[in-house]
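Below is one structure; the comments refer to it alone.
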Amino acid sequence: MPSLSLLRHTMTGLLCLLLFGCTLAEKQRNAADADPKACAENPLALQILGSGGPIADDHRAGASNLVWLDGKARLLVDAGAGSFVRYGEAGAQFADHDAILLTHFHGDHIGGLPSLLNAGSFAGRTEPLMLAGPQGSDVFPSPEELAEAAIGPNGMLRYLAPYLNGESDFPKLTPLAISTDTGSIQNVLDGDDLKVSAVRVHHLTVPALAYIIEAGGKTIVFAGDQSFLSEDFETAMRGLKPDLLVMHNAISMADGQPRGLHRDGRSMGEVAKLAGAQKLILTHHMQRALNDMDAIMAAIAENYDGPVEVADDLSCFAL
Ligand SMILES: [Zn+2]
Ligand SMILES: [Zn+2]
């Protein structure tokens with residue numbers, strides 16, 4: 001039985017489509033009207049927790065996503081600052097996660113992790129929990145070093161150190177470093193009903209990953225922060241036909257944008273086409289990109305003619 005707020009959202013959305021066409025702002029208001037907890041009612045769904053990037057220039061939380069499967073938030077993908085609030089609004093339960101998957105260790109992707117681990121210490125979870133991310137470098141930590149820095153015996157939140165050995169009723173946090181020395185697709189999690197694999201992406205000098213999620217006969221791809229130089233990702237995407245391809249809308253189409261860090265609209269459209277994406281989701285917005293949406297959409301459409309959705313915090317995409 002859909003909730004009243006969901007019905008209101010649906011009716012508003014229909015009117016918007018039938019009568020006026022929808023501006024970006026209208027779409028965002030409609031998304032905000034929906035009951036964020038209703039996403040869990042779908043057999044399989046992606047929920048964007050945080051749709052923002054590293055600059056605090058609007059209302060968005062930092063990058064973070066949930067994959068809902070049969071009413072449980074099985075995967076948390078990135079945990080940017082502000083995701084703590086959205087996590088509660090979405091109704092996610094720490095006990096339900098198979099893994100926390102981090103694409104890379106820029107602050108807009110991990111800033112909320114200490115708060116979520118703190119909250120998780122109240123959850124009564126006993127099962128170990130995987131914390132996966134790219135291997136370290138001279139500048140960036142490995143997942144193990146990240147955990148040590150946050151909750152190790154000498155870490156910032158050292159009172160949470162029992163996470164690292166599973167003592168004192170804490171679930172054991174098990175860091176998994178995924179190699180970025182190879183361009184191959186790597187298995188991360190191979191469960192009965194949920195499979196996760198990863199492939200490295202180019203994000204300037206930052207060790208960074210994309211994740212491929214398979215569940216219920218569907219595929220969701222989290223491209224993460226990546227530039228047009230992500231050849232291994234493109235090889236992995238070719239002909240994959242993901243049901244949802246989640247990409248980051250971080251730069252405008254203007255000259256002088258940081259194209260060594262992020263793809264522009266044209267580049268996102270090229271990847272969506274070669275992947276055969278059933279739907280392209282844009283998230284990780286930055287104001288410089290949101291101010292240029294007409295040009296970005298036109299550039300995507302040069303190559304990709306499938307549906308494109310602009311996500312807001314708590315947007316839900318059912319599969
Ligand atoms: Zn980012
Ligand atoms: Zn980044």
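Lettering and numbering for the structure tokens are positional, with chains as A, B, ... in the shown order, residues counted from 1 in each chain, and ligands counted from 1 in the shown order.
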
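Contacts with ligand 2 are defined as any residue atom within 10 Å of a ligand atom, using only C-alpha atoms and all ligand atoms; the residues meeting this criterion are Gly53, Pro54, Ala63, Thr103, His104, Phe105, His106, Gly107, Asp108, His109, His203, Leu204, Val206, Pro207, Ala208, Gly224, Asp225, Gln226, His248, Ala250, Leu261, His262 and His284 of chain A.
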
What would the file look like if the residues just selected were written as a tab-separated table (two decimals), in the first residue's frame with C-alpha atoms?
chain	number	residue	atom	x	y	z
A	53	GLY	CA	30.47	16.80	-3.87
A	54	PRO	CA	33.36	18.29	-1.91
A	63	ALA	CA	28.50	11.23	-1.78
A	103	THR	CA	35.27	4.25	-4.01
A	104	HIS	CA	38.25	6.32	-2.76
A	105	PHE	CA	39.37	8.33	0.22
A	106	HIS	CA	38.65	11.93	-0.68
A	107	GLY	CA	36.85	13.66	2.19
A	108	ASP	CA	33.52	13.98	0.37
A	109	HIS	CA	33.33	10.17	0.25
A	203	HIS	CA	40.96	10.00	-10.72
A	204	LEU	CA	44.18	11.94	-11.23
A	206	VAL	CA	44.04	9.09	-6.29
A	207	PRO	CA	43.64	5.29	-5.97
A	208	ALA	CA	39.99	4.93	-6.95
A	224	GLY	CA	32.72	6.86	-8.64
A	225	ASP	CA	34.87	9.92	-9.25
A	226	GLN	CA	36.66	9.28	-12.53
A	248	HIS	CA	29.22	12.06	-11.11
A	250	ALA	CA	31.05	17.48	-11.05
A	261	LEU	CA	39.54	14.31	-12.07
A	262	HIS	CA	36.04	14.12	-13.56
A	284	HIS	CA	27.77	14.08	-6.83

### Message
Excluding Met247 of chain A and its own-chain neighbours fewer than 4 positions away, which residues fall within 8 Å of it when counting only C-alpha atoms? Please give them as number ranges by chain.
### Response
A: 222-225, 268, 280-284

Would you output that residue set with C-alpha atoms, as a PDB file, in the first residue's frame?
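Writing done, so here's result.pdb:
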ATOM      1  CA  PHE A 222      28.758   3.067  -9.317  1.00  0.00           C
ATOM      2  CA  ALA A 223      31.300   4.818 -11.522  1.00  0.00           C
ATOM      3  CA  GLY A 224      32.718   6.856  -8.645  1.00  0.00           C
ATOM      4  CA  ASP A 225      34.871   9.925  -9.248  1.00  0.00           C
ATOM      5  CA  MET A 268      29.545  10.568 -19.499  1.00  0.00           C
ATOM      6  CA  LEU A 280      21.967   7.097 -16.370  1.00  0.00           C
ATOM      7  CA  ILE A 281      21.781   8.619 -12.890  1.00  0.00           C
ATOM      8  CA  LEU A 282      23.649  11.865 -12.260  1.00  0.00           C
ATOM      9  CA  THR A 283      24.747  12.574  -8.685  1.00  0.00           C
ATOM     10  CA  HIS A 284      27.765  14.077  -6.827  1.00  0.00           C
TER      11      HIS A 284
END

### Summary
Judged by only C-alpha atoms and all ligand atoms, the minimum distance to ligand 1 among A:Ile110, A:Leu319, A:Ala149, A:Val246 is found for A:Ile110

### Task
Within segment 104-301 of chain A, find each residue whose DSSP state, derived from the backbone, is helix (DSSP H, G or I), and express the selection as a PyMOL selection string.
chain A and resi 107-110+113-120+143-151+158-164+231-237+265-275+287-290+293-301

### Shell of 12 Å around segment 157-162 of chain A, only C-alpha atoms, local chain residues under 6 positions omitted, as number ranges by chain
A: 113-122, 128, 146-151, 168-174

How would the residues just picked look written out with C-alpha atoms as an mmCIF file, in the first residue's frame?
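New file selection.cif:
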data_model
loop_
_atom_site.group_PDB
_atom_site.id
_atom_site.type_symbol
_atom_site.label_atom_id
_atom_site.label_comp_id
_atom_site.auth_asym_id
_atom_site.auth_seq_id
_atom_site.Cartn_x
_atom_site.Cartn_y
_atom_site.Cartn_z
ATOM 1 C CA LEU A 113 32.127 7.269 8.173
ATOM 2 C CA PRO A 114 33.177 7.992 11.793
ATOM 3 C CA SER A 115 29.621 9.076 12.663
ATOM 4 C CA LEU A 116 28.118 6.008 11.031
ATOM 5 C CA LEU A 117 30.524 3.684 12.858
ATOM 6 C CA ASN A 118 29.710 5.485 16.077
ATOM 7 C CA ALA A 119 25.991 4.984 15.443
ATOM 8 C CA GLY A 120 26.648 1.369 14.456
ATOM 9 C CA SER A 121 28.135 0.658 17.872
ATOM 10 C CA PHE A 122 24.592 0.958 19.240
ATOM 11 C CA PRO A 128 31.624 -9.029 10.945
ATOM 12 C CA LEU A 146 41.873 4.411 7.338
ATOM 13 C CA ALA A 147 40.189 2.256 9.987
ATOM 14 C CA GLU A 148 43.252 2.539 12.237
ATOM 15 C CA ALA A 149 43.283 6.333 11.873
ATOM 16 C CA ALA A 150 39.580 6.592 12.681
ATOM 17 C CA ILE A 151 38.997 3.923 15.313
ATOM 18 C CA SER A 168 33.120 -5.974 23.749
ATOM 19 C CA ASP A 169 30.048 -6.842 21.656
ATOM 20 C CA PHE A 170 31.353 -4.837 18.715
ATOM 21 C CA PRO A 171 31.063 -6.391 15.239
ATOM 22 C CA LYS A 172 34.499 -7.063 13.782
ATOM 23 C CA LEU A 173 35.284 -4.586 11.019
ATOM 24 C CA THR A 174 37.287 -6.375 8.317
#

### Task
Rank A:Val271, A:Ile100, A:Leu69, A:Leu290 by their smallest atom-to-atom distance to Asn303 of chain A, using only C-alpha atoms, and report the top residue only.
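Using only C-alpha atoms, Asn303 of chain A sits closest to A:Val271.
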
## Note on the structure
Residue with the minimum atom-to-atom distance to ligand 1, picked from A:Asp78, A:Glu309, A:Glu145, A:Asp70 with only C-alpha atoms and all ligand atoms counted, is A:Asp78
